[in-house]
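Chemist: Next comes query.cif, mmCIF, C-alpha atoms:
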data_final
#
loop_
_atom_site.group_PDB
_atom_site.id
_atom_site.type_symbol
_atom_site.label_atom_id
_atom_site.label_comp_id
_atom_site.auth_asym_id
_atom_site.auth_seq_id
_atom_site.Cartn_x
_atom_site.Cartn_y
_atom_site.Cartn_z
ATOM 1 C CA MET A 1 16.168 9.860 -11.496
ATOM 2 C CA ALA A 2 13.564 12.046 -9.830
ATOM 3 C CA GLU A 3 10.562 10.159 -8.552
ATOM 4 C CA GLU A 4 7.076 11.362 -9.469
ATOM 5 C CA ARG A 5 4.117 10.354 -7.359
ATOM 6 C CA VAL A 6 0.466 10.697 -8.266
ATOM 7 C CA GLU A 7 -2.126 11.298 -5.590
ATOM 8 C CA LEU A 8 -5.670 10.047 -5.976
ATOM 9 C CA GLN A 9 -8.458 11.076 -3.622
ATOM 10 C CA CYS A 10 -11.838 9.486 -3.083
ATOM 11 C CA SER A 11 -14.654 11.882 -3.906
ATOM 12 C CA GLY A 12 -16.771 10.088 -1.321
ATOM 13 C CA CYS A 13 -14.826 9.493 1.911
ATOM 14 C CA GLY A 14 -11.803 11.651 1.071
ATOM 15 C CA LYS A 15 -9.221 8.905 1.601
ATOM 16 C CA LYS A 16 -6.036 9.430 -0.401
ATOM 17 C CA PHE A 17 -3.887 6.960 -2.310
ATOM 18 C CA ARG A 18 -0.452 7.557 -3.820
ATOM 19 C CA LEU A 19 0.951 5.885 -6.917
ATOM 20 C CA ARG A 20 4.573 5.889 -7.982
ATOM 21 C CA ARG A 21 4.056 6.486 -11.697
ATOM 22 C CA PRO A 22 3.641 9.408 -14.133
ATOM 23 C CA PRO A 23 0.036 10.684 -14.531
ATOM 24 C CA GLU A 24 0.032 10.096 -18.288
ATOM 25 C CA GLU A 25 0.704 6.384 -17.796
ATOM 26 C CA ILE A 26 -2.400 5.747 -15.677
ATOM 27 C CA PRO A 27 -5.201 4.379 -17.880
ATOM 28 C CA GLU A 28 -8.337 6.510 -18.047
ATOM 29 C CA GLU A 29 -11.025 4.474 -16.335
ATOM 30 C CA LEU A 30 -13.418 4.556 -13.429
ATOM 31 C CA LEU A 31 -11.405 3.957 -10.241
ATOM 32 C CA LEU A 32 -13.399 3.089 -7.146
ATOM 33 C CA CYS A 33 -12.358 3.481 -3.521
ATOM 34 C CA PRO A 34 -11.884 0.055 -1.891
ATOM 35 C CA ASP A 35 -13.311 1.455 1.371
ATOM 36 C CA CYS A 36 -16.522 3.227 0.360
ATOM 37 C CA GLY A 37 -16.903 2.627 -3.362
ATOM 38 C CA GLY A 38 -16.599 6.314 -4.232
ATOM 39 C CA ARG A 39 -14.832 7.472 -7.372
ATOM 40 C CA LEU A 40 -11.088 8.093 -7.194
ATOM 41 C CA ILE A 41 -10.023 11.307 -8.883
ATOM 42 C CA PHE A 42 -6.507 12.074 -10.103
ATOM 43 C CA PRO A 43 -4.932 14.981 -12.001
ATOM 44 C CA GLY A 44 -4.622 14.789 -15.766
ATOM 45 C CA LYS A 45 -5.979 12.137 -18.081
ATOM 46 C CA GLY A 46 -4.934 8.584 -18.774
ATOM 47 C CA GLY A 47 -3.596 7.160 -21.966
ATOM 48 C CA GLY A 48 -1.676 4.111 -20.829
ATOM 49 C CA GLY A 49 -1.014 1.418 -23.350
ATOM 50 C CA GLN A 50 -2.400 -2.055 -23.595
ATOM 51 C CA GLU A 51 0.022 -3.360 -20.958
ATOM 52 C CA GLU A 52 -1.275 -0.906 -18.347
ATOM 53 C CA SER A 53 -4.921 -1.638 -19.147
ATOM 54 C CA ARG A 54 -4.446 -5.309 -18.245
ATOM 55 C CA ILE A 55 -3.347 -4.554 -14.692
ATOM 56 C CA PRO A 56 -6.009 -5.366 -12.075
ATOM 57 C CA LEU A 57 -7.346 -2.366 -10.190
ATOM 58 C CA GLU A 58 -6.179 -3.791 -6.860
ATOM 59 C CA ASP A 59 -2.559 -3.570 -8.038
ATOM 60 C CA TYR A 60 -2.877 0.183 -8.446
ATOM 61 C CA LEU A 61 -4.303 0.511 -4.944
ATOM 62 C CA LEU A 62 -1.945 -1.758 -2.988
ATOM 63 C CA THR A 63 -1.184 -0.032 0.306
ATOM 64 C CA GLY A 64 0.586 -2.832 2.208
ATOM 65 C CA PRO A 65 4.071 -4.316 1.712
ATOM 66 C CA VAL A 66 4.793 -5.893 -1.665
ATOM 67 C CA ALA A 67 7.266 -8.594 -2.711
ATOM 68 C CA LEU A 68 8.259 -8.915 -6.370
ATOM 69 C CA LEU A 69 9.193 -12.405 -7.533
ATOM 70 C CA TYR A 70 11.091 -13.676 -10.566
ATOM 71 C CA TRP A 71 11.206 -17.473 -10.801
ATOM 72 C CA ASP A 72 12.449 -19.864 -13.477
ATOM 73 C CA LEU A 73 14.009 -22.570 -11.297
ATOM 74 C CA PRO A 74 12.906 -26.207 -11.746
ATOM 75 C CA VAL A 75 12.017 -26.425 -8.048
ATOM 76 C CA PRO A 76 8.640 -25.078 -6.857
ATOM 77 C CA GLU A 77 8.493 -21.686 -5.182
ATOM 78 C CA GLU A 78 5.404 -22.374 -3.039
ATOM 79 C CA VAL A 79 7.303 -22.555 0.275
ATOM 80 C CA LEU A 80 8.858 -19.150 -0.298
ATOM 81 C CA GLU A 81 5.673 -17.592 -1.669
ATOM 82 C CA GLU A 82 3.518 -18.924 1.160
ATOM 83 C CA PHE A 83 5.988 -17.620 3.736
ATOM 84 C CA LEU A 84 5.948 -14.139 2.218
ATOM 85 C CA GLY A 85 2.157 -14.239 2.267
ATOM 86 C CA ARG A 86 2.142 -15.130 5.976
ATOM 87 C CA GLU A 87 4.493 -12.201 6.577
ATOM 88 C CA GLY A 88 1.874 -9.882 5.095
ATOM 89 C CA PHE A 89 3.397 -9.342 1.642
ATOM 90 C CA ALA A 90 1.328 -9.133 -1.512
ATOM 91 C CA VAL A 91 3.378 -11.177 -3.999
ATOM 92 C CA ARG A 92 3.540 -10.000 -7.606
ATOM 93 C CA ARG A 93 5.591 -11.605 -10.379
ATOM 94 C CA PHE A 94 7.810 -10.213 -13.111
ATOM 95 C CA ALA A 95 9.432 -12.026 -16.037
ATOM 96 C CA SER A 96 11.858 -9.431 -17.392
ATOM 97 C CA ARG A 97 13.595 -6.150 -16.650
ATOM 98 C CA GLU A 98 10.831 -4.306 -18.496
ATOM 99 C CA GLU A 99 8.168 -5.885 -16.302
ATOM 100 C CA LEU A 100 10.197 -4.951 -13.223
ATOM 101 C CA ARG A 101 10.392 -1.384 -14.506
ATOM 102 C CA HIS A 102 6.640 -1.408 -15.045
ATOM 103 C CA TRP A 103 5.913 -2.517 -11.471
ATOM 104 C CA LEU A 104 8.223 0.153 -10.058
ATOM 105 C CA ARG A 105 6.070 2.812 -11.685
ATOM 106 C CA ILE A 106 3.163 1.621 -9.545
ATOM 107 C CA PHE A 107 4.764 0.901 -6.162
ATOM 108 C CA MET A 108 8.051 0.439 -4.309
ATOM 109 C CA PRO A 109 8.524 -3.209 -3.232
ATOM 110 C CA GLN A 110 9.931 -4.069 0.166
ATOM 111 C CA VAL A 111 11.281 -7.442 -1.005
ATOM 112 C CA LEU A 112 12.637 -8.542 -4.384
ATOM 113 C CA VAL A 113 13.321 -12.221 -5.096
ATOM 114 C CA TYR A 114 15.344 -13.631 -7.984
ATOM 115 C CA GLY A 115 14.823 -17.377 -8.314
ATOM 116 C CA THR A 116 17.157 -18.137 -11.204
ATOM 117 C CA GLU A 117 20.490 -19.561 -12.315
ATOM 118 C CA LYS A 118 20.929 -16.710 -14.821
ATOM 119 C CA PRO A 119 23.432 -14.187 -13.424
ATOM 120 C CA GLU A 120 23.052 -12.025 -16.525
ATOM 121 C CA LEU A 121 19.349 -11.491 -15.788
ATOM 122 C CA VAL A 122 20.065 -10.580 -12.170
ATOM 123 C CA ALA A 123 22.817 -8.195 -13.274
ATOM 124 C CA GLU A 124 20.503 -6.553 -15.798
ATOM 125 C CA CYS A 125 17.769 -5.973 -13.215
ATOM 126 C CA GLU A 126 20.226 -4.778 -10.576
ATOM 127 C CA ASP A 127 21.826 -2.343 -13.014
ATOM 128 C CA PHE A 128 18.398 -0.922 -13.776
ATOM 129 C CA LEU A 129 17.505 -0.578 -10.079
ATOM 130 C CA GLN A 130 20.758 1.153 -9.193
ATOM 131 C CA ASN A 131 20.359 3.658 -12.013
ATOM 132 C CA ASP A 132 16.611 4.231 -11.680
ATOM 133 C CA LEU A 133 16.226 4.563 -7.908
ATOM 134 C CA PRO A 134 17.745 6.961 -5.373
ATOM 135 C CA PRO A 135 20.430 5.122 -3.337
ATOM 136 C CA ASP A 136 18.432 5.084 -0.092
ATOM 137 C CA GLU A 137 15.358 3.589 -1.811
ATOM 138 C CA TYR A 138 17.472 0.943 -3.533
ATOM 139 C CA ARG A 139 19.019 -0.093 -0.209
ATOM 140 C CA ARG A 140 15.602 -0.391 1.421
ATOM 141 C CA ILE A 141 14.594 -3.178 -0.971
ATOM 142 C CA PHE A 142 15.508 -6.489 0.659
ATOM 143 C CA ARG A 143 16.958 -8.421 -2.282
ATOM 144 C CA ILE A 144 17.099 -12.217 -2.301
ATOM 145 C CA TRP A 145 18.742 -14.557 -4.804
ATOM 146 C CA VAL A 146 17.754 -18.220 -4.775
ATOM 147 C CA THR A 147 20.466 -20.040 -6.743
ATOM 148 C CA SER A 148 22.835 -22.996 -6.560
ATOM 149 C CA ARG A 149 25.734 -20.644 -7.385
ATOM 150 C CA TYR A 150 26.102 -19.697 -3.713
ATOM 151 C CA ARG A 151 25.852 -21.332 -0.302
ATOM 152 C CA THR A 152 23.012 -20.272 1.954
ATOM 153 C CA LEU A 153 23.881 -17.471 4.410
ATOM 154 C CA GLU A 154 27.608 -17.726 3.673
ATOM 155 C CA PRO A 155 28.798 -14.141 4.443
ATOM 156 C CA ARG A 156 31.550 -14.048 1.834
ATOM 157 C CA GLU A 157 29.218 -15.278 -0.888
ATOM 158 C CA VAL A 158 26.453 -12.898 0.161
ATOM 159 C CA PHE A 159 28.983 -10.098 -0.279
ATOM 160 C CA PHE A 160 30.029 -11.255 -3.753
ATOM 161 C CA SER A 161 26.413 -11.712 -4.837
ATOM 162 C CA GLY A 162 25.491 -8.119 -3.968
ATOM 163 C CA MET A 163 22.293 -9.352 -2.300
ATOM 164 C CA HIS A 164 20.977 -9.147 1.247
ATOM 165 C CA LEU A 165 20.361 -12.903 1.225
ATOM 166 C CA VAL A 166 21.400 -15.857 -0.916
ATOM 167 C CA CYS A 167 19.638 -19.187 -0.513
ATOM 168 C CA HIS A 168 20.483 -22.491 -2.181
ATOM 169 C CA PRO A 169 17.360 -24.124 -3.693
ATOM 170 C CA GLY A 170 18.034 -27.150 -1.512
ATOM 171 C CA ASP A 171 17.424 -25.011 1.572
ATOM 172 C CA LEU A 172 14.009 -23.654 0.578
ATOM 173 C CA GLU A 173 12.252 -25.926 3.064
ATOM 174 C CA ARG A 174 13.888 -23.946 5.877
ATOM 175 C CA PHE A 175 13.532 -20.591 4.131
ATOM 176 C CA GLU A 176 11.625 -19.017 7.031
ATOM 177 C CA LYS A 177 14.569 -19.441 9.412
ATOM 178 C CA VAL A 178 17.060 -18.381 6.731
ATOM 179 C CA TYR A 179 15.076 -15.221 5.998
ATOM 180 C CA GLU A 180 14.622 -14.288 9.646
ATOM 181 C CA LYS A 181 18.331 -14.652 10.362
ATOM 182 C CA ALA A 182 19.356 -12.521 7.380
ATOM 183 C CA ARG A 183 16.631 -9.951 7.998
ATOM 184 C CA THR A 184 17.650 -9.498 11.634
ATOM 185 C CA TYR A 185 21.269 -8.929 10.622
ATOM 186 C CA TRP A 186 20.467 -6.264 8.034
ATOM 187 C CA ASP A 187 17.814 -4.551 10.173
ATOM 188 C CA ASN A 188 20.340 -4.191 12.987
ATOM 189 C CA LEU A 189 22.957 -2.903 10.551
ATOM 190 C CA TYR A 190 20.837 -0.347 8.685
ATOM 191 C CA GLY A 191 18.218 0.432 11.346
ATOM 192 C CA PRO A 192 20.097 3.326 13.022
ATOM 193 C CA TYR A 193 20.853 4.898 9.627
ATOM 194 C CA TYR A 194 17.209 4.872 8.540
ATOM 195 C CA ARG A 195 16.014 6.253 11.871
ATOM 196 C CA VAL A 196 18.368 9.218 11.507
ATOM 197 C CA LEU A 197 17.309 9.672 7.879
ATOM 198 C CA GLU A 198 13.636 9.781 8.868
ATOM 199 C CA GLU A 199 14.369 12.355 11.568
ATOM 200 C CA VAL A 200 16.217 14.571 9.094
ATOM 201 C CA ASN A 201 13.650 14.089 6.302
ATOM 202 C CA PRO A 202 10.332 13.358 8.038
#
Have the structure of the file written as structure tokens, please.

Modeler:
Amino acid sequence: MAEERVELQCSGCGKKFRLRRPPEEIPEELLLCPDCGGRLIFPGKGGGGQEESRIPLEDYLLTGPVALLYWDLPVPEEVLEEFLGREGFAVRRFASREELRHWLRIFMPQVLVYGTEKPELVAECEDFLQNDLPPDEYRRIFRIWVTSRYRTLEPREVFFSGMHLVCHPGDLERFEKVYEKARTYWDNLYGPYYRVLEEVNP
């Protein structure tokens, strides 16, 4: 599916922001530049529904890395969420495939976490991602599944899960080390490919 980006520009300082969503789905409202307070101007008019109008302005203007989190496990997610925050990620939550789809119209997450024992939900979201995103963008999302179905960092089970990282809920207390080990492996594996891709398509 072709990706459409909307560019907003501050009428005061001239700084530009880009949103990954169709122009007609951006609610018509006064958008202010987070740097100077000037008005942000974008092409076309709004008309988003009630769901869009409830989104805080800062979510439209996120410029740093974002992690999307689904969580319905009985164990608390604070260790994982606090770690992602220390790593510089803005953490946003979703509760369904439709909410995931909604977030993807605003930004492209760098990390996606499924904290669930429901393989059907994970499969539904993954099917949507694979069909909605270009292959290179899908691969760039570091996908994590926290579940008791698999053993933490077990290569064979990571392969069967289709994720970059699987973590047993019992290992959340050492999630930082688990994440760093998995992230280093995948960065070394895909790093050369992405560098070439950026040189070909700067």

Chemist: Could you tell me which of A:Tyr190, A:Tyr138, A:Phe159, A:Phe175 comes closest to A:Leu112 if we count only C-alpha atoms?

Modeler: A:Tyr138

Chemist: As a check of understanding, name the residues that the PyMOL selection byres ((chain A and resi 162) around 10) selects in the supplied structure, as a PyMOL selection string.

Modeler: chain A and resi 123+126+143-145+157-161+163-166

Chemist: Given all atoms listed in the file as the basis, pick out the residue of A:Val111, A:Leu153, A:Leu172, A:Val66 nearest to A:Tyr185.

Modeler: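 Using all atoms listed in the file, A:Tyr185 sits closest to A:Leu153.
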
Chemist: To one decimal in Å, tell me the separation between atom CA of A:Arg97 and atom CA of A:Pro155.

Modeler: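 Separation of atom CA of A:Arg97 and atom CA of A:Pro155: 27.2 Å.
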
Chemist: Could you tell me which residues the PyMOL selection byres ((chain A and resi 89) around 6) returns for this structure, as a list of chain:residue names?

Modeler: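 Listing what the PyMOL selection byres ((chain A and resi 89) around 6) selects in the shown file: A:Pro65, A:Val66, A:Ala67, A:Leu84, A:Gly85, A:Glu87, A:Gly88, A:Ala90, A:Val91.
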
Chemist: For the atom pair atom CA of A:Leu73 and atom CA of A:Pro169, what is the interatomic distance in Å to one decimal place?

Modeler: 8.5 Å

Chemist: Take the PyMOL selection byres ((chain A and resi 69) around 7), apply it to the structure above, and return the hits as a VMD selection string.

Modeler: chain A and resid 67 to 68 70 to 71 91 to 94 112 to 114

Chemist: Please indicate the distance in Å from atom CA of A:Val146 to atom CA of A:His168, rounded to one decimal place.

Modeler: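 Spanning atom CA of A:Val146 to atom CA of A:His168 is a straight-line distance of 5.7 Å.
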
Chemist: For a quick check of understanding, using all atoms listed in the file, which of A:Phe107, A:Phe83, A:Phe128, A:Tyr150 has the smallest distance to A:Glu180?

Modeler: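 Selected residue with least distance to A:Glu180: A:Phe83.
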
Chemist: Rank A:Lys177, A:Arg149, A:Arg140, A:Arg101 by their smallest atom-to-atom distance to A:Asp127, using all atoms listed in the file, and report the top residue only.

Modeler: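 Nearest to A:Asp127: A:Arg101.
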